[in-house]
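Asker: For reference, this is protein-v5.pdb, and it has PDB, C-alpha atoms and all ligand atoms.
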```
MODEL        1
ATOM      1  CA  MET P1112      18.699 -18.970   9.191
ATOM      2  CA  ARG P1113      16.491 -20.744  11.748
ATOM      3  CA  ASN P1114      16.740 -19.806  15.415
ATOM      4  CA  GLU P1115      16.338 -22.270  18.258
ATOM      5  CA  ILE P1116      14.373 -21.077  21.262
ATOM      6  CA  ASP P1117      16.736 -20.823  24.235
ATOM      7  CA  GLY P1118      17.046 -19.058  27.556
ATOM      8  CA  HIS P1119      17.576 -15.694  25.845
ATOM      9  CA  THR P1120      14.581 -15.790  23.503
ATOM     10  CA  ILE P1121      12.480 -12.626  23.693
ATOM     11  CA  LEU P1122       8.699 -12.906  23.538
ATOM     12  CA  ILE P1123       6.339 -10.739  21.489
ATOM     13  CA  GLY P1124       2.587 -11.331  21.644
ATOM     14  CA  LEU P1125      -0.676 -10.731  19.875
ATOM     15  CA  MET P1126      -3.652 -10.131  22.178
ATOM     16  CA  ALA P1127      -7.123 -10.326  20.639
ATOM     17  CA  THR P1128     -10.119 -12.571  20.200
ATOM     18  CA  PRO P1129     -10.804 -14.411  17.939
ATOM     19  CA  ILE P1130      -7.165 -14.733  16.956
ATOM     20  CA  ARG P1131      -6.333 -18.235  15.711
ATOM     21  CA  HIS P1132      -6.815 -17.234  12.039
ATOM     22  CA  SER P1133      -4.206 -14.459  12.232
ATOM     23  CA  MET P1134      -1.277 -14.474   9.817
ATOM     24  CA  SER P1135       0.819 -12.240  12.085
ATOM     25  CA  PRO P1136       2.604 -15.087  13.964
ATOM     26  CA  THR P1137       3.731 -16.660  10.686
ATOM     27  CA  MET P1138       4.775 -13.295   9.294
ATOM     28  CA  HIS P1139       6.864 -12.186  12.282
ATOM     29  CA  ASN P1140       8.420 -15.575  13.085
ATOM     30  CA  LEU P1141       9.512 -15.940   9.463
ATOM     31  CA  ALA P1142      11.089 -12.482   9.592
ATOM     32  CA  PHE P1143      12.885 -13.249  12.893
ATOM     33  CA  SER P1144      14.181 -16.442  11.370
ATOM     34  CA  ASP P1145      15.327 -14.713   8.152
ATOM     35  CA  LEU P1146      17.292 -12.137  10.130
ATOM     36  CA  GLY P1147      18.568 -14.551  12.807
ATOM     37  CA  LEU P1148      16.844 -12.604  15.599
ATOM     38  CA  ASN P1149      16.234 -14.456  18.847
ATOM     39  CA  TYR P1150      12.567 -13.526  19.218
ATOM     40  CA  VAL P1151       9.371 -15.543  19.148
ATOM     41  CA  TYR P1152       5.870 -14.205  18.347
ATOM     42  CA  LEU P1153       2.831 -15.959  19.844
ATOM     43  CA  ALA P1154      -0.923 -15.325  19.586
ATOM     44  CA  PHE P1155      -2.891 -15.129  22.845
ATOM     45  CA  GLU P1156      -6.665 -15.327  22.988
ATOM     46  CA  VAL P1157      -7.400 -12.284  25.202
ATOM     47  CA  ASP P1158     -10.753 -10.547  25.661
ATOM     48  CA  GLN P1159     -11.409  -7.142  27.201
ATOM     49  CA  ALA P1160     -11.924  -8.569  30.703
ATOM     50  CA  HIS P1161      -8.475 -10.194  30.688
ATOM     51  CA  LEU P1162      -6.608  -7.422  28.882
ATOM     52  CA  PRO P1163      -5.380  -5.571  32.043
ATOM     53  CA  ALA P1164      -3.710  -8.733  33.364
ATOM     54  CA  ALA P1165      -2.348  -9.582  29.921
ATOM     55  CA  ILE P1166      -0.844  -6.096  29.522
ATOM     56  CA  GLN P1167       0.677  -6.310  33.002
ATOM     57  CA  SER P1168       2.288  -9.578  31.926
ATOM     58  CA  VAL P1169       4.149  -7.694  29.178
ATOM     59  CA  ARG P1170       5.988  -5.907  31.996
ATOM     60  CA  THR P1171       6.239  -8.925  34.310
ATOM     61  CA  LEU P1172       7.597 -11.296  31.658
ATOM     62  CA  GLU P1173       9.796  -8.574  30.151
ATOM     63  CA  MET P1174       8.211  -9.130  26.763
ATOM     64  CA  ARG P1175       9.459  -6.735  24.066
ATOM     65  CA  GLY P1176       5.895  -5.878  23.165
ATOM     66  CA  THR P1177       2.649  -7.052  21.695
ATOM     67  CA  ASN P1178       0.229  -6.483  18.870
ATOM     68  CA  ILE P1179      -3.324  -5.645  19.863
ATOM     69  CA  SER P1180      -6.350  -6.386  17.738
ATOM     70  CA  MET P1181     -10.131  -6.497  18.113
ATOM     71  CA  PRO P1182     -11.797  -6.031  20.528
ATOM     72  CA  ASN P1183      -8.904  -4.511  22.485
ATOM     73  CA  LYS P1184      -7.532  -1.718  20.287
ATOM     74  CA  ARG P1185      -9.307   1.101  22.096
ATOM     75  CA  ILE P1186      -9.494  -0.090  25.699
ATOM     76  CA  VAL P1187      -5.740  -0.764  25.740
ATOM     77  CA  LEU P1188      -5.021   2.978  25.647
ATOM     78  CA  GLU P1189      -5.986   3.243  29.327
ATOM     79  CA  LEU P1190      -3.459   0.565  30.287
ATOM     80  CA  LEU P1191      -0.327   2.078  28.732
ATOM     81  CA  ASP P1192       2.245   4.533  30.067
ATOM     82  CA  ARG P1193       2.537   6.509  26.828
ATOM     83  CA  VAL P1194       0.620   6.712  23.581
ATOM     84  CA  ASP P1195       2.117   7.960  20.324
ATOM     85  CA  PRO P1196       0.353  11.210  19.235
ATOM     86  CA  ALA P1197      -0.994   9.662  16.006
ATOM     87  CA  ALA P1198      -2.422   6.666  17.886
ATOM     88  CA  GLU P1199      -3.955   9.099  20.385
ATOM     89  CA  LEU P1200      -5.757  10.920  17.563
ATOM     90  CA  ILE P1201      -6.805   7.639  15.945
ATOM     91  CA  ASN P1202      -7.927   6.515  19.408
ATOM     92  CA  ALA P1203      -6.685   2.976  18.770
ATOM     93  CA  VAL P1204      -3.433   1.101  19.377
ATOM     94  CA  ASN P1205      -2.316  -1.996  17.477
ATOM     95  CA  THR P1206       1.304  -2.161  18.661
ATOM     96  CA  VAL P1207       2.780  -1.900  22.157
ATOM     97  CA  VAL P1208       6.522  -1.507  22.783
ATOM     98  CA  ASN P1209       8.056  -2.273  26.178
ATOM     99  CA  ASP P1210      11.130  -0.171  26.995
ATOM    100  CA  ASP P1211      12.341  -1.351  30.410
ATOM    101  CA  GLY P1212       8.827  -1.560  31.806
ATOM    102  CA  VAL P1213       7.517   1.602  30.113
ATOM    103  CA  LEU P1214       4.784   0.645  27.646
ATOM    104  CA  THR P1215       4.155   2.870  24.615
ATOM    105  CA  GLY P1216       1.240   2.371  22.216
ATOM    106  CA  TYR P1217       1.379   2.971  18.467
ATOM    107  CA  ASN P1218      -0.976   2.498  15.559
ATOM    108  CA  THR P1219       0.800   1.161  12.469
ATOM    109  CA  ASP P1220      -2.261   0.655  10.214
ATOM    110  CA  GLY P1221      -2.111   4.157   8.723
ATOM    111  CA  ILE P1222       1.688   3.968   8.559
ATOM    112  CA  GLY P1223       1.354   0.697   6.631
ATOM    113  CA  PHE P1224      -1.077   2.328   4.212
ATOM    114  CA  MET P1225       1.255   5.276   3.543
ATOM    115  CA  ARG P1226       4.287   2.988   3.152
ATOM    116  CA  SER P1227       2.443   0.798   0.657
ATOM    117  CA  LEU P1228       1.933   3.841  -1.574
ATOM    118  CA  ALA P1229       5.508   5.038  -1.173
ATOM    119  CA  LYS P1230       6.836   1.585  -2.107
ATOM    120  CA  ASN P1231       4.883   1.893  -5.368
ATOM    121  CA  GLN P1232       6.274   5.404  -5.978
ATOM    122  CA  LEU P1233       2.795   6.893  -5.519
ATOM    123  CA  GLU P1234       2.807  10.355  -3.936
ATOM    124  CA  ILE P1235      -0.374  11.658  -2.300
ATOM    125  CA  ARG P1236       1.062  14.446  -0.135
ATOM    126  CA  GLY P1237      -0.449  17.798  -1.102
ATOM    127  CA  GLU P1238      -3.326  15.999  -2.837
ATOM    128  CA  LYS P1239      -6.977  15.220  -2.133
ATOM    129  CA  MET P1240      -8.340  11.867  -0.920
ATOM    130  CA  THR P1241     -11.858  10.498  -1.268
ATOM    131  CA  LEU P1242     -12.292   8.174   1.710
ATOM    132  CA  ILE P1243     -15.249   5.811   2.099
ATOM    133  CA  GLY P1244     -15.579   4.140   5.506
ATOM    134  CA  THR P1245     -14.555   5.518   8.888
ATOM    135  CA  GLY P1246     -14.188   2.443  11.073
ATOM    136  CA  GLY P1247     -10.856   1.257  12.445
ATOM    137  CA  ALA P1248      -9.075   1.154   9.087
ATOM    138  CA  GLY P1249     -10.600   4.327   7.616
ATOM    139  CA  THR P1250      -9.834   6.354  10.739
ATOM    140  CA  ALA P1251      -6.203   5.186  10.891
ATOM    141  CA  ILE P1252      -5.730   5.900   7.180
ATOM    142  CA  GLY P1253      -7.408   9.323   7.307
ATOM    143  CA  ILE P1254      -5.486  10.573  10.326
ATOM    144  CA  GLN P1255      -2.087   9.237   9.255
ATOM    145  CA  ALA P1256      -2.563  10.608   5.724
ATOM    146  CA  ALA P1257      -3.539  14.019   7.140
ATOM    147  CA  LEU P1258      -0.523  14.038   9.467
ATOM    148  CA  ASP P1259       1.719  13.042   6.554
ATOM    149  CA  GLY P1260       0.551  15.907   4.330
ATOM    150  CA  VAL P1261      -2.542  14.923   2.374
ATOM    151  CA  ARG P1262      -4.215  18.302   1.844
ATOM    152  CA  GLU P1263      -7.933  17.626   1.622
ATOM    153  CA  PHE P1264     -10.428  14.858   2.320
ATOM    154  CA  ASP P1265     -13.921  14.118   1.118
ATOM    155  CA  ILE P1266     -15.167  11.563   3.625
ATOM    156  CA  PHE P1267     -18.205   9.442   2.821
ATOM    157  CA  ASN P1268     -19.996   7.100   5.213
ATOM    158  CA  ARG P1269     -23.341   5.467   5.608
ATOM    159  CA  GLN P1270     -25.515   7.189   8.184
ATOM    160  CA  ASP P1271     -25.307   4.062  10.332
ATOM    161  CA  GLY P1272     -23.845   3.370  13.748
ATOM    162  CA  GLN P1273     -20.475   4.613  12.440
ATOM    163  CA  TRP P1274     -21.729   8.136  11.637
ATOM    164  CA  ASP P1275     -20.411   9.424  14.993
ATOM    165  CA  ALA P1276     -16.998   8.009  14.109
ATOM    166  CA  ALA P1277     -17.186   9.748  10.735
ATOM    167  CA  GLN P1278     -17.964  13.053  12.461
ATOM    168  CA  ARG P1279     -15.140  12.541  14.937
ATOM    169  CA  LEU P1280     -12.629  11.789  12.167
ATOM    170  CA  THR P1281     -13.695  14.866  10.192
ATOM    171  CA  LYS P1282     -13.398  17.094  13.273
ATOM    172  CA  ILE P1283      -9.965  15.763  14.210
ATOM    173  CA  ILE P1284      -8.583  16.257  10.718
ATOM    174  CA  ASN P1285      -9.933  19.822  10.626
ATOM    175  CA  GLU P1286      -8.865  20.779  14.147
ATOM    176  CA  GLN P1287      -5.699  18.775  14.813
ATOM    177  CA  THR P1288      -3.948  18.630  11.424
ATOM    178  CA  TYR P1289      -3.154  21.045   8.603
ATOM    179  CA  ALA P1290      -5.624  19.266   6.306
ATOM    180  CA  THR P1291      -9.270  20.039   5.532
ATOM    181  CA  ALA P1292     -12.043  17.440   5.629
ATOM    182  CA  HIS P1293     -15.652  17.502   4.430
ATOM    183  CA  LEU P1294     -18.121  14.829   5.545
ATOM    184  CA  HIS P1295     -20.855  13.544   3.229
ATOM    185  CA  PRO P1296     -23.463  10.838   3.604
ATOM    186  CA  LEU P1297     -22.723   7.949   1.249
ATOM    187  CA  SER P1298     -26.198   8.496  -0.210
ATOM    188  CA  ASP P1299     -24.823  11.700  -1.822
ATOM    189  CA  GLN P1300     -23.862   9.872  -5.005
ATOM    190  CA  ALA P1301     -23.547  13.045  -7.104
ATOM    191  CA  GLY P1302     -21.136  14.395  -4.486
ATOM    192  CA  LEU P1303     -19.149  11.159  -4.570
ATOM    193  CA  ARG P1304     -18.870  11.214  -8.345
ATOM    194  CA  GLN P1305     -17.804  14.857  -8.270
ATOM    195  CA  SER P1306     -15.220  14.151  -5.571
ATOM    196  CA  LEU P1307     -13.553  11.471  -7.694
ATOM    197  CA  GLN P1308     -12.952  14.011 -10.481
ATOM    198  CA  THR P1309     -10.753  16.151  -8.232
ATOM    199  CA  SER P1310      -9.083  13.522  -6.020
ATOM    200  CA  ARG P1311      -5.716  11.849  -6.440
ATOM    201  CA  ILE P1312      -6.846   8.733  -4.566
ATOM    202  CA  LEU P1313     -10.011   6.850  -3.665
ATOM    203  CA  VAL P1314      -9.763   4.648  -0.566
ATOM    204  CA  ASP P1315     -12.532   2.134   0.174
ATOM    205  CA  ALA P1316     -12.213   1.126   3.839
ATOM    206  CA  THR P1317     -15.687  -0.386   4.221
ATOM    207  CA  GLY P1318     -15.068  -4.104   3.723
ATOM    208  CA  VAL P1319     -17.611  -4.194   0.875
ATOM    209  CA  GLY P1320     -16.074  -6.635  -1.608
ATOM    210  CA  MET P1321     -14.970  -9.203   0.963
ATOM    211  CA  LYS P1322     -17.095 -11.921   2.554
ATOM    212  CA  PRO P1323     -20.029 -11.709   3.169
ATOM    213  CA  LEU P1324     -20.182  -8.892   0.591
ATOM    214  CA  GLU P1325     -17.822 -10.513  -1.932
ATOM    215  CA  GLY P1326     -18.689  -9.607  -5.526
ATOM    216  CA  GLN P1327     -20.271  -6.298  -4.451
ATOM    217  CA  SER P1328     -18.985  -2.759  -4.899
ATOM    218  CA  LEU P1329     -20.117   0.676  -3.737
ATOM    219  CA  LEU P1330     -19.047   2.053  -7.140
ATOM    220  CA  ASN P1331     -20.151   0.226 -10.257
ATOM    221  CA  ASP P1332     -19.931   2.728 -13.118
ATOM    222  CA  PRO P1333     -16.508   2.839 -14.819
ATOM    223  CA  SER P1334     -17.272   6.281 -16.238
ATOM    224  CA  TRP P1335     -16.950   7.708 -12.711
ATOM    225  CA  PHE P1336     -13.198   6.933 -12.533
ATOM    226  CA  PRO P1337     -10.564   9.256 -14.004
ATOM    227  CA  GLN P1338      -7.713   7.086 -15.305
ATOM    228  CA  ASP P1339      -5.113   8.795 -13.158
ATOM    229  CA  LEU P1340      -7.075   8.270  -9.925
ATOM    230  CA  ILE P1341      -5.407   5.777  -7.557
ATOM    231  CA  VAL P1342      -8.061   3.239  -6.550
ATOM    232  CA  TYR P1343      -7.178   1.578  -3.236
ATOM    233  CA  ASP P1344      -9.341  -1.127  -1.672
ATOM    234  CA  THR P1345      -8.272  -2.081   1.871
ATOM    235  CA  VAL P1346      -9.630  -5.613   1.309
ATOM    236  CA  TYR P1347      -6.958  -8.248   0.567
ATOM    237  CA  ALA P1348      -9.094 -11.400   0.298
ATOM    238  CA  PRO P1349     -10.086 -11.693  -2.472
ATOM    239  CA  ARG P1350      -7.033 -10.089  -4.103
ATOM    240  CA  THR P1351      -9.211  -8.498  -6.796
ATOM    241  CA  THR P1352     -12.483  -7.059  -5.527
ATOM    242  CA  LYS P1353     -15.448  -5.917  -7.593
ATOM    243  CA  LEU P1354     -14.390  -2.294  -7.037
ATOM    244  CA  MET P1355     -10.960  -3.113  -8.438
ATOM    245  CA  GLN P1356     -12.538  -4.824 -11.454
ATOM    246  CA  VAL P1357     -14.649  -1.741 -12.204
ATOM    247  CA  ALA P1358     -11.546   0.444 -11.893
ATOM    248  CA  HIS P1359      -9.646  -1.832 -14.284
ATOM    249  CA  GLN P1360     -12.540  -1.569 -16.764
ATOM    250  CA  ALA P1361     -12.217   2.203 -16.542
ATOM    251  CA  GLY P1362      -8.539   1.951 -17.486
ATOM    252  CA  VAL P1363      -7.350   3.180 -14.075
ATOM    253  CA  LYS P1364      -3.562   2.862 -13.975
ATOM    254  CA  HIS P1365      -3.001   2.320 -10.250
ATOM    255  CA  VAL P1366      -5.353  -0.146  -8.580
ATOM    256  CA  MET P1367      -4.306  -1.621  -5.218
ATOM    257  CA  ASN P1368      -5.693  -4.088  -2.711
ATOM    258  CA  GLY P1369      -4.950  -4.115   1.051
ATOM    259  CA  LEU P1370      -2.245  -6.762   1.007
ATOM    260  CA  GLU P1371       0.715  -4.400   0.998
ATOM    261  CA  MET P1372      -0.898  -2.296   3.735
ATOM    262  CA  MET P1373      -1.252  -5.432   5.854
ATOM    263  CA  LEU P1374       2.372  -6.416   5.311
ATOM    264  CA  GLU P1375       3.652  -2.889   5.890
ATOM    265  CA  GLN P1376       1.723  -2.396   9.142
ATOM    266  CA  GLY P1377       3.461  -5.554  10.351
ATOM    267  CA  ALA P1378       6.807  -4.306   9.080
ATOM    268  CA  ALA P1379       6.342  -1.021  10.952
ATOM    269  CA  ALA P1380       5.619  -2.892  14.198
ATOM    270  CA  PHE P1381       8.602  -5.186  13.554
ATOM    271  CA  LYS P1382      10.837  -2.118  13.210
ATOM    272  CA  LEU P1383       9.528  -0.658  16.461
ATOM    273  CA  TRP P1384      10.349  -3.864  18.354
ATOM    274  CA  THR P1385      13.621  -4.908  16.732
ATOM    275  CA  GLY P1386      14.985  -1.743  15.098
ATOM    276  CA  GLN P1387      15.333  -3.755  11.892
ATOM    277  CA  GLU P1388      13.548  -3.770   8.543
ATOM    278  CA  MET P1389      11.278  -6.743   7.975
ATOM    279  CA  PRO P1390      12.250  -8.630   4.801
ATOM    280  CA  VAL P1391       8.836  -7.814   3.354
ATOM    281  CA  ALA P1392       9.434  -9.236  -0.116
ATOM    282  CA  HIS P1393      10.367 -12.654   1.271
ATOM    283  CA  VAL P1394       7.469 -12.657   3.759
ATOM    284  CA  HIS P1395       5.094 -11.735   0.921
ATOM    285  CA  GLN P1396       6.446 -14.540  -1.240
ATOM    286  CA  VAL P1397       6.215 -17.212   1.472
ATOM    287  CA  LEU P1398       2.882 -16.221   3.022
ATOM    288  CA  PHE P1399       0.898 -15.419  -0.073
ATOM    289  CA  ASN P1400       0.796 -17.789  -2.957
ATOM    290  CA  GLU P1401      -0.387 -15.298  -5.547
ATOM    291  CA  GLY P1402      -2.161 -18.078  -7.442
ATOM    292  CA  SER P1403      -4.562 -18.306  -4.492
ATOM    293  CA  GLN P1404      -7.355 -15.849  -3.679
ATOM    294  CA  ASN P1405      -7.703 -16.842  -0.070
ATOM    295  CA  GLY P1406      -4.761 -15.139   1.628
TER     296      GLY P1406
HETATM  297  P1  LIG V1501     -15.156  -1.356  10.820
HETATM  298  O1  LIG V1501     -16.305  -2.250  11.065
HETATM  299  O2  LIG V1501     -14.456  -0.724  11.965
HETATM  300  O3  LIG V1501     -15.646  -0.186   9.829
HETATM  301  C1  LIG V1501     -16.366  -0.425   8.645
HETATM  302  C2  LIG V1501     -16.745   0.897   7.959
HETATM  303  O4  LIG V1501     -17.386   0.609   6.719
HETATM  304  C3  LIG V1501     -17.738   1.738   8.733
HETATM  305  O5  LIG V1501     -17.436   3.099   8.461
HETATM  306  C4  LIG V1501     -19.108   1.354   8.160
HETATM  307  O6  LIG V1501     -20.052   2.397   8.259
HETATM  308  C5  LIG V1501     -18.730   1.094   6.708
HETATM  309  N1  LIG V1501     -19.559   0.047   6.085
HETATM  310  C6  LIG V1501     -19.698  -1.235   6.493
HETATM  311  N2  LIG V1501     -20.499  -1.921   5.668
HETATM  312  C7  LIG V1501     -20.872  -1.052   4.701
HETATM  313  C8  LIG V1501     -21.712  -1.156   3.557
HETATM  314  N3  LIG V1501     -22.332  -2.320   3.251
HETATM  315  N4  LIG V1501     -21.881  -0.086   2.793
HETATM  316  C9  LIG V1501     -21.267   1.081   3.088
HETATM  317  N5  LIG V1501     -20.461   1.244   4.156
HETATM  318  C10 LIG V1501     -20.270   0.200   4.959
HETATM  319  O7  LIG V1501     -14.130  -2.205   9.954
HETATM  320  P2  LIG V1501     -12.544  -1.988   9.780
HETATM  321  O8  LIG V1501     -11.818  -2.737  10.809
HETATM  322  O9  LIG V1501     -12.274  -0.520   9.612
HETATM  323  O10 LIG V1501     -12.281  -2.747   8.406
HETATM  324  C11 LIG V1501     -12.770  -2.211   7.185
HETATM  325  C12 LIG V1501     -12.062  -2.867   6.016
HETATM  326  O11 LIG V1501     -10.671  -2.601   6.076
HETATM  327  C13 LIG V1501     -12.177  -4.391   5.963
HETATM  328  O12 LIG V1501     -12.256  -4.781   4.621
HETATM  329  C14 LIG V1501     -10.860  -4.878   6.496
HETATM  330  O13 LIG V1501     -10.485  -6.137   5.957
HETATM  331  C15 LIG V1501      -9.949  -3.820   5.969
HETATM  332  N6  LIG V1501      -8.705  -3.691   6.745
HETATM  333  C16 LIG V1501      -7.558  -3.881   6.072
HETATM  334  C17 LIG V1501      -6.365  -3.765   6.737
HETATM  335  C18 LIG V1501      -5.097  -3.972   5.974
HETATM  336  O14 LIG V1501      -4.022  -3.978   6.581
HETATM  337  N7  LIG V1501      -5.162  -4.123   4.670
HETATM  338  C19 LIG V1501      -6.329  -3.429   8.100
HETATM  339  C20 LIG V1501      -7.553  -3.237   8.762
HETATM  340  C21 LIG V1501      -8.733  -3.367   8.059
ENDMDL
END
```
Using the file provided, produce a representation of the structure as structure tokens.

Answerer:
Amino acid sequence: MRNEIDGHTILIGLMATPIRHSMSPTMHNLAFSDLGLNYVYLAFEVDQAHLPAAIQSVRTLEMRGTNISMPNKRIVLELLDRVDPAAELINAVNTVVNDDGVLTGYNTDGIGFMRSLAKNQLEIRGEKMTLIGTGGAGTAIGIQAALDGVREFDIFNRQDGQWDAAQRLTKIINEQTYATAHLHPLSDQAGLRQSLQTSRILVDATGVGMKPLEGQSLLNDPSWFPQDLIVYDTVYAPRTTKLMQVAHQAGVKHVMNGLEMMLEQGAAAFKLWTGQEMPVAHVHQVLFNEGSQNG
């Protein structure tokens, strides 16, 4: 069912830069149309300097909310009335909801990750995760997984500019959740191999495997992978990364890319704004021609 824009149409935004490549407008507008909801979702090119005025416009224009992406995910916290506890720990917001002028920030990236596993009947609560990468995605995944009941984390990161973020994530998991986390430099390859033997899931949240590092993997030896390890690459273009190929060679049963996480983080935001479930299967089918590798 297609909706016409009229005097009652409610606006939802996306505030980031660069933003024109985003699939979120297509995803949300298709879902509004499917469900006959009188909303419209538009992308706005907004940098950090213009974010305060843009956020104020959410109140002024009585928008229902907005997505926030780079480079605004952190700075937006200062501009909101309330921040969901998980987003506070992650220290990043990707979804803002406007309830009668009161703006609340959420982070749905980790929620999307956890939902993607649940939809595939994969249970990681009470288990151990090996997590490589502690940027925006790795932090959201680690904190949400810890809050949702993952028991233990081995966190690996390069000793690069993100090492502080890796230390912060480890500390927060240990001090603010019931889980335990151990931080290792990625150069500790023996430690990484050992970790995989006792983990239920490996998450690669580094971006290695997508452009400009397409065709590369941080793990190249199939003998490192137990077959019942879940191998989860947050990359979704290409659909099959080098890491996933190595895992397939090892006979790993559950190998996932980041596509379902991306759809589910959108679905979680959609639910926060509209109270309704996004028709994820239809959105997936329309947006992603699975014959293509380009998303
Ligand atoms: P980021 O730049 O914030 O963090 C990148 C992390 O990877 C850092 O910890 C960095 O130290 C590490 N890293 C980078 N290059 C590396 C290399 N060559 N070797 C080892 N470690 C390296 O990035 P981000 O926003 O967290 O995104 C990371 C990945 O997650 C990207 O592939 C992105 O596409 C993906 N992602 C997916 C979704 C989704 O919904 N599926 C959402 C967000 C991000």

Asker: Counting all atoms listed in the file, which of P:His1139, P:Lys1239, P:Lys1184, P:Arg1175 gets nearest to Gln1159 in chain P?

Answerer: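 Once distances to Gln1159 in chain P are computed over all atoms listed in the file, the minimum belongs to P:Lys1184.
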
Asker: I need the output of the PyMOL selection byres (((not hetatm)) within 7 of (chain V and resi 1501)) for this file as a list in words; which residues are they?

Answerer: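 Evaluating the PyMOL selection byres (((not hetatm)) within 7 of (chain V and resi 1501)) on this file yields Asp1220, Gly1244, Thr1245, Gly1246, Gly1247, Ala1248, Gly1249, Asn1268, Arg1269, Asp1271, Gly1272, Gln1273, Trp1274, Ala1316, Thr1317, Gly1318, Val1319, Met1321, Leu1329, Thr1345, Val1346, Tyr1347, Gly1369, Leu1370, Glu1371, Met1372, Met1373, Leu1374 and Gln1376 of chain P.
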
Asker: Once the PyMOL selection byres (((chain P and resi 1228-1232) around 10) and not hetatm) has been evaluated on this model, what residues remain selected, and can you format them as an mmCIF file with C-alpha atoms, keeping the file's coordinate frame?

Answerer:
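Result went into out.cif, see below:
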```
data_model
loop_
_atom_site.group_PDB
_atom_site.id
_atom_site.type_symbol
_atom_site.label_atom_id
_atom_site.label_comp_id
_atom_site.auth_asym_id
_atom_site.auth_seq_id
_atom_site.Cartn_x
_atom_site.Cartn_y
_atom_site.Cartn_z
ATOM 1 C CA GLY P 1223 1.354 0.697 6.631
ATOM 2 C CA PHE P 1224 -1.077 2.328 4.212
ATOM 3 C CA MET P 1225 1.255 5.276 3.543
ATOM 4 C CA ARG P 1226 4.287 2.988 3.152
ATOM 5 C CA SER P 1227 2.443 0.798 0.657
ATOM 6 C CA LEU P 1233 2.795 6.893 -5.519
ATOM 7 C CA GLU P 1234 2.807 10.355 -3.936
ATOM 8 C CA ILE P 1235 -0.374 11.658 -2.300
ATOM 9 C CA ILE P 1341 -5.407 5.777 -7.557
ATOM 10 C CA TYR P 1343 -7.178 1.578 -3.236
ATOM 11 C CA HIS P 1365 -3.001 2.320 -10.250
ATOM 12 C CA MET P 1367 -4.306 -1.621 -5.218
ATOM 13 C CA GLU P 1371 0.715 -4.400 0.998
ATOM 14 C CA MET P 1372 -0.898 -2.296 3.735
ATOM 15 C CA GLU P 1375 3.652 -2.889 5.890
#
```

Asker: Which residues are close to Gln1308 in chain P, i.e. within 7 Å by only C-alpha atoms, leaving aside same-chain residues fewer than 3 positions away? Reply as an mmCIF file with C-alpha atoms, in the frame of the given file.

Answerer:
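Output saved as around-v5.cif:
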```cif
data_model
loop_
_atom_site.group_PDB
_atom_site.id
_atom_site.type_symbol
_atom_site.label_atom_id
_atom_site.label_comp_id
_atom_site.auth_asym_id
_atom_site.auth_seq_id
_atom_site.Cartn_x
_atom_site.Cartn_y
_atom_site.Cartn_z
ATOM 1 C CA ARG P 1304 -18.870 11.214 -8.345
ATOM 2 C CA GLN P 1305 -17.804 14.857 -8.270
ATOM 3 C CA PRO P 1337 -10.564 9.256 -14.004
#
```

Asker: Go ahead and find all residues with at least one atom no further than 9 Å from (-5.7, 0.9, 20.6) in the file's coordinates, using all atoms listed in the file; report them as a PyMOL selection string.

Answerer: chain P and resi 1179-1181+1183-1188+1198-1199+1201-1206+1216-1218

Asker: So what do you get for CA of Val1357 in chain P versus CA of Gly1253 in chain P, distance-wise?

Answerer: 23.6 Å

Asker: Calculated over all atoms listed in the file, which of the candidates P:Leu1398, P:Met1174, P:Val1207, P:Ala1358 has the smallest distance to Leu1313 in chain P?

Answerer: P:Ala1358

Asker: Using all atoms listed in the file, which protein or nucleic acid residues come within 7 Å of Thr1128 in chain P? Drop anything in the same chain fewer than 2 positions from it, and give the result as an MDAnalysis selection string.

Answerer: chainID P and resid 1130 1156:1158 1181:1182

Asker: Between CA of Thr1281 in chain P and CA of Ala1257 in chain P, what is the spacing in Å?

Answerer: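 The value is 10.6 Å.
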
Asker: Of the candidates P:Val1394, P:Ile1166, P:Ile1266, P:Ala1292, which one gets nearest to Phe1143 in chain P if we count all atoms listed in the file?

Answerer: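 Smallest distance to Phe1143 in chain P is found for P:Val1394.
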
Asker: Excluding same-chain residues fewer than 3 positions from Thr1241 in chain P, what lies within 7 Å of it counting only C-alpha atoms, as a list of chain:residue names?

Answerer: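 Those residues are P:Phe1264, P:Asp1265, P:Ile1266, P:Ser1306, P:Leu1307, P:Ser1310, P:Ile1312, P:Leu1313, P:Val1314.
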
Asker: Give the answer as one residue: which of P:Lys1364, P:Leu1172, P:Arg1236, P:Ala1154 has the shortest atom-to-atom distance to His1132 in chain P, using all atoms listed in the file?

Answerer: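 Smallest distance to His1132 in chain P is found for P:Ala1154.
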
Asker: Step by step, work through what the PyMOL selection byres (((chain P and resi 1167-1171) around 10) and not hetatm) selects in the shown file, and finish by giving those residues as a PyMOL selection string.

Answerer: chain P and resi 1122-1124+1162-1166+1172-1177+1190-1191+1207-1214

Asker: Using all atoms listed in the file, find all polymer residues with an atom at most 8 Å away from the point (-19.8, 13.4, 3.7); report them as a list of chain:residue names.

Answerer: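 Taken together, the residues in range are P:Asp1265, P:Ile1266, P:Phe1267, P:Asn1268, P:His1293, P:Leu1294, P:His1295, P:Pro1296, P:Leu1297, P:Asp1299.
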
Asker: Which residue is closest to Phe1336 in chain P? Choose from P:Asn1149, P:Ser1135, P:Thr1309, P:Gln1270 and count only C-alpha atoms.

Answerer: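 Distance minimum relative to Phe1336 in chain P lands on P:Thr1309.
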
Asker: Expressed in Å to a single decimal, how great is the separation between CA of Ile1116 in chain P and CA of Ala1392 in chain P?

Answerer: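 About the pair CA of Ile1116 in chain P and CA of Ala1392 in chain P: they are 24.9 Å apart.
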
Asker: P:Leu1324, P:Ala1127, P:Leu1141, P:Met1355: which is nearest Val1391 in chain P, counting all atoms listed in the file?

Answerer: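 So, comparing all the options, the nearest one is P:Leu1141.
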